[in-house]
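Notes follow the structure.
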Amino acid sequence: AGPCDIYASGGTPCVAAHSTTRALYSAFTGALYQVKRASDGATTNIAPLSAGGVANAGAQDTFCAGTTCLITVLYDQSGRGNHLTQAPPGGFQGPEANGYDNLASAVGAPVTLGGKKAYGVFVSPGTGYRNNNAKGTAVGDAAQGMYAVLDGTHYNNGCCFDYGNAEVSGRDTGNGHMETIYFGDNTVWGSGAGSGPWIMADLENGLFSGAAVKNNNGDPTVTSRFLTAVVKGGPNKWAIRGANAASGGLSTYYDGARPNAAGYNPMSKEGAIVLGIGGDNSVGAQGTFYEGVMTSGYPSDATENAVQADVVAARYAVASLTSGPALAVGSSVSLRATTAGYTTRYLAHTGAAVNTQVVSAASAAALKQQASWTVRTGLATASGGQCFSFESRDAAGSYLRHYNFELAVAKSDGSKQFREDATFCTEAGLSGQGTTSIRAWGFPTRYFRHYNNGGYAASNGGIHTFDAAGSFNDDVSWAVTTGFA
Ligand code: AHR
Ligand code: AHR
Ligand code: AHR
């Protein structure tokens with residue numbers, strides 16, 4: 001039985017069931033998600049390999065070969081049509097045209113389930129999915145349950161990495177108008193024990209970790225690489241539960257009365273569904289989503305415990321974030337542009353600014369250093385020792401990073417933000433021919449690109465001039481050579 005079979009037999013059926021990694025009903029054979037490729041704008045649906053099974057990631061890899069793909073739809077497996085698509089503007093605008101949120105890269109969150117490859121939904125700040133017209137989800141004070149499997153190492157303190165029930169308007173319509181799972185280390189509203197991240201409930205105008213409005217020490221810091229997060233709510237009661245999604249059972253972090261603040265009892269749920277954003281389309285958060293559901297009715301702890309056992313049995317495990325030509329940690333490399341007309345140019349820096357410059361064996365020693373990089377293990381903790389950082393050869397302790405999606409060379413301040421902005425994952429060059437493309441770990445839609453001979457973290461089509469689709473594949477495909485210095 002899959003998670004939604006278990007919820008159904010507990011009398012609290014799924015009314016929304018989303019996953020890019022696997023079927024959540026044992027008989028489900030339909031589409032799990034849709035991807036869109038940049039090369040020709042075509043879309044395809046990805047289904048499980050077999051009924052109730054793992055997603056056919058190989059079909060995605062074939063469809064997306066030699067270009068980039070975005071996840072355009074997370075289909076609802078419950079049969080109610082509660083699909084998640086690109087979130088529209090709400091109280092806040094997203095970064096895309098007309099205030100829409102970004103879509104997730106199709107390759108940002110590879111994993112394996114029982115040894116079979118699949119992809120999660122890697123949410124960068126700016127990314128969001130929504131359904132403002134969902135059917136059958138809880139409204140008002142009606143009871144619902146939710147669980148989600150997340151990456152417990154990928155989070156931030158922005159508002160708000162949420163999955164669950166939110167406003168149909170995309171606007172903050174008041175306390176109690178949402179009820180979602182939240183994951184991250186935001187402390188603007190609530191917090192738990194330790195320094196976070198925590199599983200909390202976003203109930204609108206507040207992230208709650210228990211009955212007290214601010215801190216509740218019963219809600220622990222949780223950092224399992226694969227994390228099961230549970231929030232459920234009904235008249236006069238709610239609960240937070242959590243577990244390592246790869247082993248063991250759920251623990252209850254809170255189970256009791258509604259928060260001690262006006263507007264949360266009774267609740268005024270509206271029944272829209274969000275993923276990766278706040279109720280008002282706040283887009284500052286990051287996180288990774290693998291699977292999750294919303295139910296009708298208040299699931300029993302026993303039902304949720306059985307769902308957790310099913311999640312563990314799916315055997316989530318880490319997969320490689322890099323592919324293509326190998327890069328040796330500790331080596332010095334230079335990155336040559338391969339776009340016709342620019343093939344004598346290498347990625348270099350002039351002070352903080354990153355650009356491409358014509359470099360050869362005859363160049364001055366200083367320029368050779370400015371065009372050479374020591375390969376380091378990725379500085380981002382959440383990259384799990386995978387991926388890479390590029391330390392400047394002429395400025396020890398300074399690294400390539402992106403800032404406002406421009407590449408820069410900057411001294412590490414040791415912060416989580418810096419380490420994440422300075423971590424990049426390699427893959428076979430989009431133009432082939434033995435080249436390498438280098439995507440930003442934290443924004444996997446974005447790649448090292450030269451544009452007008454400047455250096456950027458660019459997406460394949462997008463709002464910035466440097467995101468232009470023309471010659472994107474060539475501009476992001478680098479010949480990795482032995483460093484000049
Ligand atoms: O409750 C926290 C956040 O506050 C909600 O997600 C958002 O709608 C509001 O800004
Ligand atoms: O480059 C995009 C973002 O810009 C970085 O993640 C952040 O540090 C800056 O605000
Ligand atoms: O960086 C040089 C060129 O500038 C790129 O190939 C092109 O995309 C842009 O016009």
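Naming scheme: A, B, ... for chains in displayed order of the structure tokens; residues 1 onward per chain; ligands 1 onward as shown.
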
Proximity of range 133-240 of chain A to range 18-27 of chain A: per-residue shortest pair, 12 Å limit, only C-alpha atoms, as JSON lines:
{"residue": "A:Met146", "atom": "CA", "partner": "A:His18", "partner_atom": "CA", "distance": 11.2}
{"residue": "A:Tyr147", "atom": "CA", "partner": "A:His18", "partner_atom": "CA", "distance": 10.6}
{"residue": "A:Ala148", "atom": "CA", "partner": "A:His18", "partner_atom": "CA", "distance": 9.2}
{"residue": "A:Val149", "atom": "CA", "partner": "A:Ser19", "partner_atom": "CA", "distance": 9.3}
{"residue": "A:Leu150", "atom": "CA", "partner": "A:Ser19", "partner_atom": "CA", "distance": 11.0}
{"residue": "A:Tyr163", "atom": "CA", "partner": "A:His18", "partner_atom": "CA", "distance": 10.3}
{"residue": "A:Gly164", "atom": "CA", "partner": "A:His18", "partner_atom": "CA", "distance": 10.8}

Which polymer residues have any atom within 8 Å of an atom of range 98-102 of chain A, counting only C-alpha atoms, with same-chain residues fewer than 3 positions away left out, as a list in words? Gln86, Ala87, Pro88, Pro89, Gln93, Gly94, Pro95, Gly126, Thr127, Gly128, Tyr129 and Val283 of chain A

Keeping C-alpha atoms, export the residues of the selection given above as a compact mmCIF listing (two decimals), in the first residue's frame.
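selection23.txt written:
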# COMPACT_ATOMS: atom_id res chain seq x y z
CA GLN A 86 3.71 28.14 -11.37
CA ALA A 87 2.48 30.44 -8.60
CA PRO A 88 0.90 33.71 -9.73
CA PRO A 89 1.60 37.04 -8.03
CA GLN A 93 5.32 39.47 -6.76
CA GLY A 94 7.52 36.63 -7.93
CA PRO A 95 10.66 37.26 -9.99
CA GLY A 126 11.80 32.99 -5.87
CA THR A 127 10.45 29.53 -6.73
CA GLY A 128 6.82 28.71 -5.97
CA TYR A 129 3.87 26.51 -6.96
CA VAL A 283 9.20 34.10 -2.05

Would you tabulate, counting only C-alpha atoms and all ligand atoms, all residues of chain A that have an atom at most 7 Å from an atom of ligand 1, showing the closest pair of atoms and their distance in Å to one decimal, sorted by chain then ascending number, as a Markdown table?
| residue | atom | partner | partner_atom_place_in_ligand_line | distance |
| --- | --- | --- | --- | --- |
| A:Cys159 | CA | ligand 1 | 3 (C) | 6.4 |
| A:Cys160 | CA | ligand 1 | 6 (O) | 5.6 |
| A:Arg171 | CA | ligand 1 | 8 (O) | 6.5 |
| A:Asp172 | CA | ligand 1 | 8 (O) | 4.8 |
| A:Asp202 | CA | ligand 1 | 1 (O) | 5.0 |
| A:Leu203 | CA | ligand 1 | 1 (O) | 5.6 |
| A:Glu204 | CA | ligand 1 | 1 (O) | 3.4 |
| A:Asn205 | CA | ligand 1 | 1 (O) | 3.6 |
| A:Gly206 | CA | ligand 1 | 1 (O) | 3.8 |
| A:Leu207 | CA | ligand 1 | 1 (O) | 5.3 |
| A:Ile277 | CA | ligand 1 | 6 (O) | 6.9 |
| A:Gly278 | CA | ligand 1 | 6 (O) | 3.2 |
| A:Gly279 | CA | ligand 1 | 8 (O) | 3.6 |
| A:Asp280 | CA | ligand 1 | 8 (O) | 3.8 |
| A:Asn281 | CA | ligand 1 | 8 (O) | 6.6 |
| A:Ser282 | CA | ligand 1 | 10 (O) | 6.1 |

Okay, now the selection with N, CA and C atoms, as a compact mmCIF listing (two decimals), in the first residue's frame?
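selection.txt, freshly written:
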# COMPACT_ATOMS: atom_id res chain seq x y z
N CYS A 159 10.96 33.83 4.36
CA CYS A 159 9.55 33.42 4.44
C CYS A 159 9.10 32.97 3.06
N CYS A 160 8.43 31.83 2.98
CA CYS A 160 8.30 30.73 3.94
C CYS A 160 8.24 29.44 3.13
N ARG A 171 -3.14 36.38 -1.01
CA ARG A 171 -2.93 37.53 -0.12
C ARG A 171 -3.15 37.13 1.33
N ASP A 172 -2.52 37.88 2.21
CA ASP A 172 -2.66 37.66 3.65
C ASP A 172 -4.05 38.17 4.06
N ASP A 202 2.62 26.98 9.51
CA ASP A 202 2.32 28.34 9.08
C ASP A 202 0.81 28.50 9.11
N LEU A 203 0.34 29.27 10.09
CA LEU A 203 -1.11 29.46 10.27
C LEU A 203 -1.54 30.87 9.85
N GLU A 204 -0.66 31.58 9.18
CA GLU A 204 -0.80 32.97 8.69
C GLU A 204 -0.53 33.99 9.80
N ASN A 205 0.35 34.88 9.44
CA ASN A 205 0.88 35.87 10.38
C ASN A 205 1.51 35.18 11.59
N GLY A 206 2.03 34.02 11.35
CA GLY A 206 2.71 33.31 12.40
C GLY A 206 3.13 31.91 12.01
N LEU A 207 4.41 31.58 12.32
CA LEU A 207 4.89 30.21 12.25
C LEU A 207 4.86 29.70 13.68
N ILE A 277 6.34 28.64 -0.82
CA ILE A 277 6.06 30.07 -0.64
C ILE A 277 5.12 30.27 0.54
N GLY A 278 5.01 31.53 0.98
CA GLY A 278 4.05 31.88 2.01
C GLY A 278 2.67 32.09 1.40
N GLY A 279 1.70 32.26 2.29
CA GLY A 279 0.31 32.42 1.85
C GLY A 279 0.12 33.64 0.97
N ASP A 280 0.93 34.68 1.22
CA ASP A 280 0.83 35.92 0.46
C ASP A 280 1.85 35.96 -0.68
N ASN A 281 2.33 34.79 -1.08
CA ASN A 281 3.37 34.64 -2.11
C ASN A 281 4.68 35.28 -1.70
N SER A 282 5.00 35.30 -0.42
CA SER A 282 6.37 35.62 0.01
C SER A 282 7.28 34.57 -0.62

Could the residues that lie within 10 Å of ligand 3, counting only C-alpha atoms and all ligand atoms, be listed as JSON, numbers by chain? {"A": [337, 338, 339, 340, 341, 342, 343, 345, 355, 356, 449, 450, 451, 452, 453, 454, 455, 456, 465, 466, 467, 468, 469, 470, 471, 472, 473, 474, 475, 476]}

Taking a cut-off of 10 Å and counting only C-alpha atoms and all ligand atoms, can you build a table that, for each residue of chain A near ligand 2, reports the nearest atom pair and how far apart they are in Å (one decimal), sorted by chain then residue number, as CSV?
residue,atom,partner,partner_atom_place_in_ligand_line,distance
A:Ser124,CA,ligand 2,6 (O),8.9
A:Pro125,CA,ligand 2,6 (O),8.1
A:Arg401,CA,ligand 2,1 (O),7.8
A:His402,CA,ligand 2,1 (O),4.3
A:Tyr403,CA,ligand 2,1 (O),3.4
A:Asn404,CA,ligand 2,4 (O),3.5
A:Phe405,CA,ligand 2,1 (O),3.6
A:Glu406,CA,ligand 2,1 (O),6.2
A:Leu407,CA,ligand 2,1 (O),7.7
A:Ala408,CA,ligand 2,1 (O),9.5
A:Lys416,CA,ligand 2,8 (O),9.8
A:Gln417,CA,ligand 2,8 (O),6.0
A:Phe418,CA,ligand 2,8 (O),6.7
A:Arg419,CA,ligand 2,8 (O),9.7
A:Glu420,CA,ligand 2,6 (O),7.5
A:Asp421,CA,ligand 2,6 (O),5.3
A:Ala422,CA,ligand 2,6 (O),9.1
A:Ala440,CA,ligand 2,1 (O),9.0
A:Gly442,CA,ligand 2,6 (O),7.3
A:Phe443,CA,ligand 2,2 (C),7.9
A:Arg446,CA,ligand 2,1 (O),9.5
A:Tyr456,CA,ligand 2,1 (O),8.9
A:Ala457,CA,ligand 2,1 (O),7.2
A:Ala458,CA,ligand 2,1 (O),9.6

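Using only C-alpha atoms, the nearest neighbour of Gln433 in chain A within the list A:Pro3, A:Pro325, A:Gly234, A:Gly351 is A:Pro325.
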
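CA of Thr377 in chain A sits 9.3 Å away from CA of Ala328 in chain A.
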
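CA of Gln286 in chain A is positioned 23.3 Å from CA of Ala38 in chain A.
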
List as a Markdown table every residue of range 226-340 of chain A that is in contact with range 166-169 of chain A, defined as an atom at most 6 Å from one of its atoms (using only C-alpha atoms), together with the nearest atom pair and the distance in Å rounded to one decimal, sorted by chain and then rising number.
| residue | atom | partner | partner_atom | distance |
| --- | --- | --- | --- | --- |
| A:Glu270 | CA | A:Glu167 | CA | 5.2 |
| A:Gly271 | CA | A:Ala166 | CA | 5.9 |
| A:Ala272 | CA | A:Ala166 | CA | 4.9 |
| A:Ile273 | CA | A:Ala166 | CA | 5.7 |
| A:Gly279 | CA | A:Ala166 | CA | 5.3 |

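One finds CA of Val73 in chain A at 18.6 Å from CA of Gly462 in chain A.
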
List the spatial neighbours of range 244-257 of chain A as a PyMOL selection string - criterion: any atom at most 8 Å away, only C-alpha atoms, same-chain residues fewer than 3 positions off excluded. chain A and resi 149+209-211+218-220+224-228+236-241+304-305+308-309+311-313+315-317

What are the closest atom pairs, with distances in Å to one decimal, for each residue of range 248-330 of chain A lying within 10 Å of range 382-400 of chain A, using only C-alpha atoms, rows by chain and rising residue number, as CSV?
residue,atom,partner,partner_atom,distance
A:Val318,CA,A:Gly384,CA,9.0
A:Ala319,CA,A:Gln386,CA,9.9
A:Ser320,CA,A:Gln386,CA,7.4
A:Leu321,CA,A:Gln386,CA,6.5
A:Thr322,CA,A:Cys387,CA,6.3
A:Ser323,CA,A:Cys387,CA,9.7
A:Leu327,CA,A:Phe388,CA,8.5
A:Ala328,CA,A:Phe388,CA,9.6
A:Val329,CA,A:Phe388,CA,7.9
A:Gly330,CA,A:Glu391,CA,9.8

Find the residues near Ser372 in chain A: any atom within 10 Å, counting only C-alpha atoms, skip ones fewer than 5 places away on the same chain, and give them as a list of chain:residue names. A:Ser332, A:Val333, A:Ser334, A:Leu335, A:Tyr346, A:Leu347, A:Ala348, A:His349, A:Leu367, A:Phe390, A:Glu391, A:Ser392, A:Arg393, A:Asp394, A:Thr481, A:Thr482, A:Gly483, A:Phe484, A:Ala485

Please produce a file of those selected residues containing N, CA, C and O atoms, as an mmCIF file, in the first residue's frame.
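As a result, out-v7.cif now contains:
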data_model
loop_
_atom_site.group_PDB
_atom_site.id
_atom_site.type_symbol
_atom_site.label_atom_id
_atom_site.label_comp_id
_atom_site.auth_asym_id
_atom_site.auth_seq_id
_atom_site.Cartn_x
_atom_site.Cartn_y
_atom_site.Cartn_z
ATOM 1 N N SER A 332 44.322 22.950 -10.319
ATOM 2 C CA SER A 332 44.103 24.295 -10.865
ATOM 3 C C SER A 332 43.530 24.145 -12.270
ATOM 4 O O SER A 332 44.053 23.377 -13.078
ATOM 5 N N VAL A 333 42.461 24.867 -12.522
ATOM 6 C CA VAL A 333 41.823 24.782 -13.841
ATOM 7 C C VAL A 333 41.635 26.183 -14.431
ATOM 8 O O VAL A 333 41.572 27.179 -13.699
ATOM 9 N N SER A 334 41.561 26.225 -15.746
ATOM 10 C CA SER A 334 41.101 27.417 -16.452
ATOM 11 C C SER A 334 39.916 26.990 -17.298
ATOM 12 O O SER A 334 39.840 25.839 -17.744
ATOM 13 N N LEU A 335 38.983 27.909 -17.486
ATOM 14 C CA LEU A 335 37.722 27.588 -18.170
ATOM 15 C C LEU A 335 37.648 28.407 -19.453
ATOM 16 O O LEU A 335 37.473 29.628 -19.411
ATOM 17 N N TYR A 346 38.933 33.159 -21.598
ATOM 18 C CA TYR A 346 38.826 32.305 -20.412
ATOM 19 C C TYR A 346 38.116 33.071 -19.301
ATOM 20 O O TYR A 346 38.227 34.307 -19.208
ATOM 21 N N LEU A 347 37.425 32.322 -18.451
ATOM 22 C CA LEU A 347 36.777 32.952 -17.295
ATOM 23 C C LEU A 347 37.874 33.509 -16.385
ATOM 24 O O LEU A 347 38.797 32.777 -15.985
ATOM 25 N N ALA A 348 37.771 34.802 -16.069
ATOM 26 C CA ALA A 348 38.824 35.491 -15.312
ATOM 27 C C ALA A 348 38.167 36.523 -14.399
ATOM 28 O O ALA A 348 36.939 36.668 -14.392
ATOM 29 N N HIS A 349 38.985 37.203 -13.619
ATOM 30 C CA HIS A 349 38.424 38.293 -12.821
ATOM 31 C C HIS A 349 39.343 39.497 -12.842
ATOM 32 O O HIS A 349 40.562 39.380 -13.003
ATOM 33 N N LEU A 367 47.796 37.949 -15.319
ATOM 34 C CA LEU A 367 46.570 37.577 -16.028
ATOM 35 C C LEU A 367 46.346 36.068 -15.966
ATOM 36 O O LEU A 367 45.206 35.603 -15.780
ATOM 37 N N PHE A 390 35.322 27.376 -6.370
ATOM 38 C CA PHE A 390 36.469 27.762 -7.194
ATOM 39 C C PHE A 390 37.196 28.909 -6.506
ATOM 40 O O PHE A 390 36.697 30.035 -6.458
ATOM 41 N N GLU A 391 38.384 28.584 -5.968
ATOM 42 C CA GLU A 391 39.167 29.589 -5.246
ATOM 43 C C GLU A 391 40.101 30.296 -6.229
ATOM 44 O O GLU A 391 40.758 29.645 -7.054
ATOM 45 N N SER A 392 40.143 31.595 -6.112
ATOM 46 C CA SER A 392 40.994 32.373 -7.008
ATOM 47 C C SER A 392 42.464 32.016 -6.786
ATOM 48 O O SER A 392 42.918 31.904 -5.647
ATOM 49 N N ARG A 393 43.233 31.878 -7.866
ATOM 50 C CA ARG A 393 44.665 31.549 -7.740
ATOM 51 C C ARG A 393 45.464 32.737 -7.247
ATOM 52 O O ARG A 393 46.571 32.564 -6.734
ATOM 53 N N ASP A 394 44.981 33.938 -7.445
ATOM 54 C CA ASP A 394 45.774 35.108 -7.039
ATOM 55 C C ASP A 394 45.199 35.804 -5.810
ATOM 56 O O ASP A 394 45.687 36.840 -5.401
ATOM 57 N N THR A 481 40.386 23.210 -18.811
ATOM 58 C CA THR A 481 41.784 22.930 -19.150
ATOM 59 C C THR A 481 42.640 23.038 -17.892
ATOM 60 O O THR A 481 42.210 23.605 -16.883
ATOM 61 N N THR A 482 43.866 22.511 -17.978
ATOM 62 C CA THR A 482 44.807 22.678 -16.871
ATOM 63 C C THR A 482 45.025 24.169 -16.648
ATOM 64 O O THR A 482 45.149 24.937 -17.606
ATOM 65 N N GLY A 483 45.049 24.586 -15.400
ATOM 66 C CA GLY A 483 45.141 26.013 -15.096
ATOM 67 C C GLY A 483 46.401 26.647 -15.670
ATOM 68 O O GLY A 483 47.472 26.024 -15.703
ATOM 69 N N PHE A 484 46.277 27.902 -16.109
ATOM 70 C CA PHE A 484 47.447 28.651 -16.593
ATOM 71 C C PHE A 484 48.442 28.887 -15.464
ATOM 72 O O PHE A 484 49.639 29.046 -15.709
ATOM 73 N N ALA A 485 47.918 28.965 -14.244
ATOM 74 C CA ALA A 485 48.787 29.258 -13.094
ATOM 75 C C ALA A 485 48.411 28.359 -11.928
ATOM 76 O O ALA A 485 47.304 27.859 -11.857
#

Residues near Ala59 in chain A, cut-off 12 Å, only C-alpha atoms, skip fewer than 5 positions along chain, as a PDB file with N, CA and C atoms, in the first residue's frame:
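After the write, around.pdb holds the following:
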ATOM      1  N   TYR A  33       4.461  14.243 -12.814  1.00  0.00           N
ATOM      2  CA  TYR A  33       4.815  15.656 -13.027  1.00  0.00           C
ATOM      3  C   TYR A  33       5.101  15.887 -14.491  1.00  0.00           C
ATOM      4  N   GLN A  34       5.141  17.177 -14.834  1.00  0.00           N
ATOM      5  CA  GLN A  34       5.425  17.575 -16.209  1.00  0.00           C
ATOM      6  C   GLN A  34       6.692  18.421 -16.229  1.00  0.00           C
ATOM      7  N   VAL A  35       7.536  18.191 -17.234  1.00  0.00           N
ATOM      8  CA  VAL A  35       8.699  19.057 -17.430  1.00  0.00           C
ATOM      9  C   VAL A  35       8.600  19.735 -18.787  1.00  0.00           C
ATOM     10  N   THR A  43       6.731  19.986 -23.804  1.00  0.00           N
ATOM     11  CA  THR A  43       6.545  19.421 -22.471  1.00  0.00           C
ATOM     12  C   THR A  43       6.372  17.914 -22.577  1.00  0.00           C
ATOM     13  N   THR A  44       6.671  17.229 -21.476  1.00  0.00           N
ATOM     14  CA  THR A  44       6.350  15.805 -21.399  1.00  0.00           C
ATOM     15  C   THR A  44       5.980  15.462 -19.966  1.00  0.00           C
ATOM     16  N   ASN A  45       5.171  14.425 -19.821  1.00  0.00           N
ATOM     17  CA  ASN A  45       4.775  13.955 -18.496  1.00  0.00           C
ATOM     18  C   ASN A  45       5.657  12.794 -18.074  1.00  0.00           C
ATOM     19  N   ILE A  46       6.004  12.789 -16.803  1.00  0.00           N
ATOM     20  CA  ILE A  46       6.812  11.708 -16.245  1.00  0.00           C
ATOM     21  C   ILE A  46       5.904  10.857 -15.352  1.00  0.00           C
ATOM     22  N   ALA A  47       5.862   9.569 -15.625  1.00  0.00           N
ATOM     23  CA  ALA A  47       5.002   8.622 -14.903  1.00  0.00           C
ATOM     24  C   ALA A  47       5.878   7.658 -14.109  1.00  0.00           C
ATOM     25  N   PRO A  48       5.265   6.877 -13.216  1.00  0.00           N
ATOM     26  CA  PRO A  48       6.055   5.860 -12.514  1.00  0.00           C
ATOM     27  C   PRO A  48       6.509   4.748 -13.472  1.00  0.00           C
ATOM     28  N   LEU A  49       7.603   4.092 -13.119  1.00  0.00           N
ATOM     29  CA  LEU A  49       8.114   2.977 -13.919  1.00  0.00           C
ATOM     30  C   LEU A  49       7.114   1.824 -13.934  1.00  0.00           C
ATOM     31  N   CYS A  64      15.325  15.785 -21.801  1.00  0.00           N
ATOM     32  CA  CYS A  64      16.016  17.043 -21.482  1.00  0.00           C
ATOM     33  C   CYS A  64      17.472  17.057 -21.955  1.00  0.00           C
ATOM     34  N   ALA A  65      17.910  16.004 -22.657  1.00  0.00           N
ATOM     35  CA  ALA A  65      19.316  15.923 -23.075  1.00  0.00           C
ATOM     36  C   ALA A  65      19.685  17.112 -23.947  1.00  0.00           C
ATOM     37  N   ALA A 106      14.565  20.908 -13.222  1.00  0.00           N
ATOM     38  CA  ALA A 106      14.214  19.489 -13.131  1.00  0.00           C
ATOM     39  C   ALA A 106      15.356  18.641 -12.581  1.00  0.00           C
ATOM     40  N   LYS A 117      16.905   6.059  -9.642  1.00  0.00           N
ATOM     41  CA  LYS A 117      17.058   7.507  -9.662  1.00  0.00           C
ATOM     42  C   LYS A 117      15.721   8.223  -9.793  1.00  0.00           C
ATOM     43  N   ALA A 118      15.593   9.347  -9.084  1.00  0.00           N
ATOM     44  CA  ALA A 118      14.418  10.212  -9.220  1.00  0.00           C
ATOM     45  C   ALA A 118      14.865  11.630  -8.906  1.00  0.00           C
ATOM     46  N   TYR A 119      13.990  12.580  -9.163  1.00  0.00           N
ATOM     47  CA  TYR A 119      14.311  13.984  -8.909  1.00  0.00           C
ATOM     48  C   TYR A 119      13.256  14.619  -8.001  1.00  0.00           C
TER      49      TYR A 119
END

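Candidate residues A:Asn133, A:Asn157, A:Thr173, A:Ser296 were compared for distance to Ser191 in chain A, and the nearest is A:Asn157, using only C-alpha atoms.
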
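Among A:Ala104, A:Leu430, A:Ala366, A:Cys14, the residue with the shortest atom-to-atom distance to Thr68 in chain A, counting only C-alpha atoms, is A:Leu430.
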
Could you tell me which of A:Thr153, A:Thr426, A:Thr344, A:Ser50 comes closest to Ser363 in chain A if we count only C-alpha atoms? A:Thr344

Using DSSP on the backbone, list every residue of range 141-387 of chain A that comes out as strand (DSSP E), and give them as JSON, numbers by chain. {"A": [144, 145, 146, 147, 148, 149, 150, 151, 162, 163, 164, 165, 166, 179, 180, 181, 182, 183, 184, 198, 199, 200, 201, 202, 207, 208, 226, 227, 228, 229, 230, 231, 232, 233, 234, 237, 238, 239, 240, 241, 242, 243, 244, 251, 252, 253, 254, 255, 256, 272, 273, 274, 275, 287, 288, 289, 290, 291, 292, 293, 294, 295, 316, 317, 318, 332, 333, 334, 335, 336, 337, 345, 346, 347, 348, 349, 350, 353, 354, 355, 356, 357, 358, 373, 374, 375, 376, 377]}
